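Trainee: Dropping in final.csv, which is CSV, C-alpha atoms:
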```csv
chain,number,residue,atom,x,y,z
A,85,MET,CA,53.9,98.7,162.8
A,86,GLU,CA,54.2,96.9,166.2
A,87,PHE,CA,55.3,98.2,169.6
A,88,SER,CA,56.8,96.8,172.7
A,89,THR,CA,55.0,96.9,176.1
A,90,ALA,CA,57.1,100.0,177.2
A,91,LYS,CA,56.4,101.9,173.9
A,92,VAL,CA,52.7,101.1,173.8
A,93,ALA,CA,52.4,102.2,177.5
A,94,GLU,CA,54.0,105.5,176.6
A,95,LEU,CA,51.7,106.0,173.6
A,96,ALA,CA,48.6,105.1,175.6
A,97,GLY,CA,49.5,107.3,178.6
A,98,ALA,CA,49.6,104.3,180.9
A,99,SER,CA,52.3,102.6,183.0
A,100,VAL,CA,54.1,99.4,181.9
A,101,ARG,CA,52.8,97.8,185.1
A,102,MET,CA,49.2,98.6,184.1
A,103,VAL,CA,49.6,97.3,180.6
A,104,ASP,CA,51.1,94.1,181.9
A,105,HIS,CA,48.3,93.8,184.5
A,106,TRP,CA,45.6,94.2,181.8
A,107,ALA,CA,47.3,91.6,179.6
A,108,ARG,CA,47.5,89.1,182.4
A,109,LYS,CA,43.9,89.7,183.4
A,110,ASP,CA,42.8,89.2,179.8
A,111,VAL,CA,41.4,92.8,179.6
A,112,LEU,CA,43.5,93.3,176.5
A,113,ARG,CA,45.8,90.8,174.8
A,114,PRO,CA,48.2,92.2,172.3
A,115,SER,CA,47.1,91.9,168.7
A,116,GLY,CA,50.7,91.6,167.3
A,117,ARG,CA,52.1,88.8,169.4
A,118,ASP,CA,51.3,87.6,172.9
A,119,ALA,CA,53.9,86.3,175.4
A,120,SER,CA,54.3,82.6,174.9
A,121,GLY,CA,56.9,81.7,177.6
A,122,LYS,CA,59.9,82.8,179.4
A,123,GLY,CA,61.9,85.5,177.5
A,124,SER,CA,59.1,86.1,174.9
A,125,LYS,CA,57.9,89.6,174.4
A,126,ARG,CA,54.4,91.0,173.7
A,127,ARG,CA,54.0,93.1,170.6
A,128,TYR,CA,51.1,95.6,170.2
A,129,THR,CA,49.5,97.3,167.3
A,130,ILE,CA,48.1,100.8,166.8
A,131,ARG,CA,44.6,99.4,167.3
A,132,ASP,CA,45.8,98.2,170.7
A,133,VAL,CA,46.9,101.8,171.5
A,134,VAL,CA,43.4,103.0,171.0
A,135,ALA,CA,42.0,100.1,173.1
A,136,LEU,CA,44.5,100.9,175.9
A,137,GLN,CA,43.5,104.6,175.8
A,138,THR,CA,39.9,103.5,176.1
A,139,ILE,CA,40.7,101.3,179.1
A,140,ARG,CA,42.6,104.1,180.8
A,141,ARG,CA,39.8,106.7,180.2
A,142,LEU,CA,37.1,104.3,181.6
A,143,ARG,CA,39.3,103.4,184.6
A,144,GLU,CA,39.8,107.1,185.3
A,145,ALA,CA,36.0,107.6,185.2
A,146,GLY,CA,35.5,104.8,187.7
A,147,CYS,CA,34.2,102.1,185.4
A,148,PRO,CA,34.8,98.7,187.0
A,149,LEU,CA,37.4,96.4,185.3
A,150,PRO,CA,35.0,93.5,184.5
A,151,MET,CA,32.8,96.0,182.6
A,152,ILE,CA,35.8,97.4,180.8
A,153,THR,CA,36.8,93.9,179.8
A,154,LYS,CA,33.4,93.4,178.2
A,155,VAL,CA,33.7,96.7,176.4
A,156,ILE,CA,37.1,95.9,174.9
A,157,ARG,CA,36.1,92.4,173.9
A,158,HIS,CA,33.0,93.9,172.2
A,159,LEU,CA,35.1,96.4,170.3
A,160,MET,CA,37.7,93.9,169.2
A,161,ALA,CA,35.0,91.4,168.1
A,162,HIS,CA,32.9,94.0,166.1
A,163,TYR,CA,35.7,96.3,164.9
A,164,PRO,CA,38.8,94.3,164.1
A,165,SER,CA,41.9,95.7,162.6
A,166,THR,CA,40.5,95.2,159.1
A,167,ILE,CA,37.9,98.0,159.8
A,168,PRO,CA,39.2,101.4,158.5
A,169,ASP,CA,40.2,103.9,161.2
A,170,ARG,CA,37.6,106.4,159.8
A,171,ASP,CA,34.8,104.0,160.6
A,172,LEU,CA,36.1,103.4,164.1
A,173,ALA,CA,36.6,107.2,164.6
A,174,ARG,CA,32.9,107.9,164.0
A,175,LEU,CA,31.9,105.9,167.1
A,176,THR,CA,31.2,107.1,170.6
A,177,LEU,CA,31.3,104.5,173.2
A,178,LEU,CA,29.0,104.6,176.2
A,179,THR,CA,28.5,102.2,179.1
A,180,ASP,CA,26.3,102.4,182.2
A,181,GLY,CA,28.2,99.6,184.0
A,182,ASP,CA,26.0,96.9,182.7
A,183,ARG,CA,25.6,97.5,179.0
A,184,VAL,CA,27.7,98.8,176.2
A,185,TYR,CA,26.4,101.4,173.7
A,186,LEU,CA,28.1,102.3,170.4
A,187,PHE,CA,26.7,105.3,168.6
A,188,THR,CA,27.4,107.2,165.4
A,189,ASP,CA,24.4,109.6,165.8
A,190,GLU,CA,24.9,112.5,168.3
A,191,ARG,CA,21.2,112.8,169.0
A,192,ASP,CA,21.0,109.2,170.1
A,193,VAL,CA,23.9,109.7,172.4
A,194,MET,CA,22.2,112.7,174.0
A,195,GLU,CA,19.0,110.7,174.6
A,196,VAL,CA,20.9,108.1,176.5
A,197,LEU,CA,22.9,110.7,178.4
A,198,THR,CA,19.7,112.4,179.6
A,199,GLN,CA,18.1,109.1,180.8
A,200,GLN,CA,21.0,107.6,182.9
A,201,ALA,CA,24.5,108.1,184.1
A,202,VAL,CA,27.0,106.7,181.6
A,203,TRP,CA,30.7,106.9,180.8
A,204,SER,CA,31.4,108.4,177.4
A,205,VAL,CA,34.5,107.8,175.3
A,206,PRO,CA,34.6,109.4,171.8
A,207,LEU,CA,36.9,107.0,169.9
A,208,GLY,CA,37.6,109.4,167.2
A,209,LYS,CA,39.8,111.5,169.5
A,210,LEU,CA,41.6,108.5,170.7
A,211,VAL,CA,42.3,107.3,167.1
A,212,ALA,CA,43.6,110.7,166.1
A,213,GLU,CA,45.8,111.0,169.2
A,214,ALA,CA,47.3,107.5,168.7
A,215,ARG,CA,48.0,108.3,165.0
A,216,ARG,CA,49.7,111.6,166.0
A,217,LYS,CA,51.9,109.9,168.6
A,218,VAL,CA,52.9,107.0,166.2
A,219,ALA,CA,53.7,109.5,163.4
A,220,ALA,CA,56.1,111.3,165.7
A,221,LEU,CA,58.0,108.1,166.5
A,222,PRO,CA,61.3,107.4,164.7
A,223,GLN,CA,60.8,104.3,162.6
A,224,GLU,CA,63.4,101.5,162.7
A,225,TRP,CA,63.4,97.8,162.0
A,226,ILE,CA,65.7,95.1,160.7
A,227,GLU,CA,65.4,93.3,157.3
A,228,THR,CA,67.5,90.2,156.8
A,229,VAL,CA,68.8,89.7,153.2
A,230,GLY,CA,70.8,86.9,151.6
A,231,ILE,CA,73.7,87.7,149.3
A,232,ALA,CA,76.2,85.1,147.9
A,233,GLY,CA,75.2,82.5,150.4
A,234,ARG,CA,75.6,84.9,153.4
A,235,SER,CA,73.0,86.7,155.6
A,236,PHE,CA,73.2,90.4,156.3
A,237,ARG,CA,71.0,92.4,158.6
A,238,LEU,CA,69.9,95.8,157.2
A,239,VAL,CA,68.7,98.4,159.8
A,240,VAL,CA,66.0,100.4,158.0
A,241,SER,CA,65.0,103.7,159.6
A,242,ARG,CA,63.3,107.0,159.0
A,243,HIS,CA,63.2,110.0,161.3
A,244,PRO,CA,59.9,111.9,161.3
A,245,ALA,CA,61.7,115.1,160.1
A,246,GLU,CA,63.2,113.2,157.1
A,247,ARG,CA,61.5,112.1,153.9
A,248,ASP,CA,63.9,109.4,152.8
A,249,TYR,CA,64.6,106.0,154.5
A,250,SER,CA,68.1,105.0,155.3
A,251,VAL,CA,69.7,101.6,155.5
A,252,GLU,CA,72.7,100.5,157.5
A,253,CYS,CA,74.3,97.1,157.6
A,254,VAL,CA,75.1,95.5,161.0
A,255,GLU,CA,77.9,93.4,159.6
A,256,LEU,CA,79.5,96.3,157.7
A,257,PRO,CA,79.9,99.4,159.9
A,258,GLY,CA,79.8,102.6,158.0
A,259,PHE,CA,77.7,101.1,155.2
A,260,LEU,CA,74.8,103.5,154.3
A,261,GLN,CA,72.2,103.6,151.5
A,262,ARG,CA,69.0,105.7,151.1
A,263,GLY,CA,65.7,105.4,149.3
A,264,LYS,CA,62.5,107.4,148.9
A,265,THR,CA,60.5,104.4,150.3
A,266,ALA,CA,61.5,101.6,152.6
A,267,LYS,CA,61.4,99.2,149.7
A,268,ASP,CA,63.7,101.4,147.6
A,269,ALA,CA,66.1,101.7,150.5
A,270,VAL,CA,66.3,98.0,151.0
A,271,LYS,CA,66.8,97.4,147.3
A,272,ASN,CA,69.5,100.0,147.2
A,273,GLY,CA,71.0,98.4,150.3
A,274,LYS,CA,71.2,95.0,148.6
A,275,ARG,CA,72.8,96.5,145.5
A,276,GLY,CA,75.3,98.4,147.6
A,277,LEU,CA,76.2,95.2,149.4
A,278,VAL,CA,76.7,93.3,146.2
A,279,SER,CA,79.1,96.1,145.0
A,280,VAL,CA,81.0,96.1,148.3
A,281,LEU,CA,81.3,92.3,148.3
A,282,THR,CA,82.4,92.2,144.7
A,283,TYR,CA,85.0,94.8,145.3
A,284,ARG,CA,86.4,93.0,148.3
A,285,GLU,CA,86.5,89.7,146.5
A,286,ARG,CA,88.4,91.3,143.6
A,287,ARG,CA,90.9,92.8,146.0
A,288,HIS,CA,91.3,89.5,147.8
A,289,ARG,CA,92.0,87.7,144.5
A,290,GLN,CA,94.5,90.4,143.5
A,291,ALA,CA,96.3,90.1,146.8
A,292,SER,CA,96.5,86.3,146.4
A,293,GLU,CA,97.9,86.3,142.9
A,294,PRO,CA,101.7,85.9,142.8
A,295,ALA,CA,103.7,88.9,141.7
A,296,LEU,CA,105.1,88.8,138.2
A,297,SER,CA,108.9,88.8,138.1
```
Could I get this file's structure written as structure tokens?
Mentor:
Amino acid sequence: MEFSTAKVAELAGASVRMVDHWARKDVLRPSGRDASGKGSKRRYTIRDVVALQTIRRLREAGCPLPMITKVIRHLMAHYPSTIPDRDLARLTLLTDGDRVYLFTDERDVMEVLTQQAVWSVPLGKLVAEARRKVAALPQEWIETVGIAGRSFRLVVSRHPAERDYSVECVELPGFLQRGKTAKDAVKNGKRGLVSVLTYRERRHRQASEPALS
């Protein structure tokens, strides 16, 4: 799932202006799609939500932006989106302003904390928080399907309070199909469209046929 700048800012607890500023300063470029010119939109992923939460926490603690940039680049390089969330959640990130520490052992963390002043960010809490916020979002996207040489836009959606996915057709107001999964909903939507188009074609032929005397 990908998010707009406004939505990722809301999920990360930051302002749109801050997220745009961090993108322009190369603190965090979106993992989904970067802006490539006038009118293009950035698209962020859930891993970016965690990264933005980390940036915000470090900024609130007074960590300088150049150091945060190093921290985020280190995280993205060593823990890409292919790494399971459970592995990322085991980490605690520490920085003293010059170096970055990533620990999975609480005793090691305490040894560093007693030796020098550091900023601590437990990534597990940020991952869990991001997951909770994303799970609470209504899901909606558009699938384009081709039927009988025509293209139709199916709006696939699921509200957090509902189990099933629903499909509506932009070109056919009032059209609605459901499915237990998004794939099932789209499949049912295509079948429903075929039925509607077949029925309309049959009615059109009947209306065009000359009446028998």
Trainee: Excluding same-chain residues fewer than 3 positions from Ile152 (chain A), what lies within 9 Å of it counting all atoms listed in the file, as a ChimeraX atom specification?
Mentor: /A:111,138-139,142-143,147-149,155-157,179,181
Trainee: Record the distance separating CA of Val240 (chain A) and CA of Pro114 (chain A), expressed in Å with one decimal.
Mentor: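 Atom-to-atom, CA of Val240 (chain A) and CA of Pro114 (chain A) are spaced 24.3 Å apart.
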Trainee: Under the rule that only C-alpha atoms are counted, which of A:Lys122, A:Arg131, A:Lys91, A:Lys271 is the nearest residue to Arg215 (chain A)?
Mentor: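 With only C-alpha atoms as the atom set, the closest residue is A:Arg131.
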Trainee: Grab the CA of Leu159 (chain A) to CA of Phe87 (chain A) distance for me, in Å with one decimal place.
Mentor: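 Computing it gives 20.3 Å between the two atoms.
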Trainee: Rounded to one decimal in Å, what is the spacing between CA of Lys217 (chain A) and CA of Arg242 (chain A)?
Mentor: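 Between CA of Lys217 (chain A) and CA of Arg242 (chain A) the gap works out to 15.2 Å.
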Trainee: Between A:Leu238, A:Lys109, A:Ser124, A:Leu136, which has the minimum distance to Glu94 (chain A) (counting only C-alpha atoms)?
Mentor: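 Among the listed residues, A:Leu136 lies closest to Glu94 (chain A).
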Trainee: Select, from A:Val270, A:Val134, A:Ala291, A:Ile226, the residue with the minimum atom-to-atom distance to Leu95 (chain A), counting all atoms listed in the file.
Mentor: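 For Leu95 (chain A), the nearest of the candidates is A:Val134.
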Trainee: Which is closest to Gln137 (chain A) among A:Arg284, A:Lys209, A:Arg275, A:Arg174, if we use only C-alpha atoms?
Mentor: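 Closest to Gln137 (chain A), using only C-alpha atoms: A:Lys209.
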Trainee: Between A:Ala245, A:Leu177, A:Asp118, A:Leu210, which residue has the minimum interatomic distance to Pro222 (chain A), considering only C-alpha atoms?
Mentor: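 Among the listed residues, the smallest separation from Pro222 (chain A) belongs to A:Ala245.
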Trainee: So which one's closest to Glu285 (chain A), A:Ala269, A:Val251, A:Leu178, A:Ala232? Using all atoms listed in the file, please.
Mentor: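 The shortest atom-to-atom distance to Glu285 (chain A) comes from A:Ala232.
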Trainee: Within 10 Å of (50.1, 109.1, 169.3), in the coordinates the file gives, what residues turn up when you count all atoms listed in the file, written out as a CSV table (one decimal) with C-alpha atoms, in the coordinates of the input?
Mentor:
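The result, stored in part-v3.csv:
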```
chain,number,residue,atom,x,y,z
A,92,VAL,CA,52.7,101.1,173.8
A,94,GLU,CA,54.0,105.5,176.6
A,95,LEU,CA,51.7,106.0,173.6
A,96,ALA,CA,48.6,105.1,175.6
A,97,GLY,CA,49.5,107.3,178.6
A,130,ILE,CA,48.1,100.8,166.8
A,133,VAL,CA,46.9,101.8,171.5
A,134,VAL,CA,43.4,103.0,171.0
A,210,LEU,CA,41.6,108.5,170.7
A,211,VAL,CA,42.3,107.3,167.1
A,212,ALA,CA,43.6,110.7,166.1
A,213,GLU,CA,45.8,111.0,169.2
A,214,ALA,CA,47.3,107.5,168.7
A,215,ARG,CA,48.0,108.3,165.0
A,216,ARG,CA,49.7,111.6,166.0
A,217,LYS,CA,51.9,109.9,168.6
A,218,VAL,CA,52.9,107.0,166.2
A,219,ALA,CA,53.7,109.5,163.4
A,220,ALA,CA,56.1,111.3,165.7
A,221,LEU,CA,58.0,108.1,166.5
```
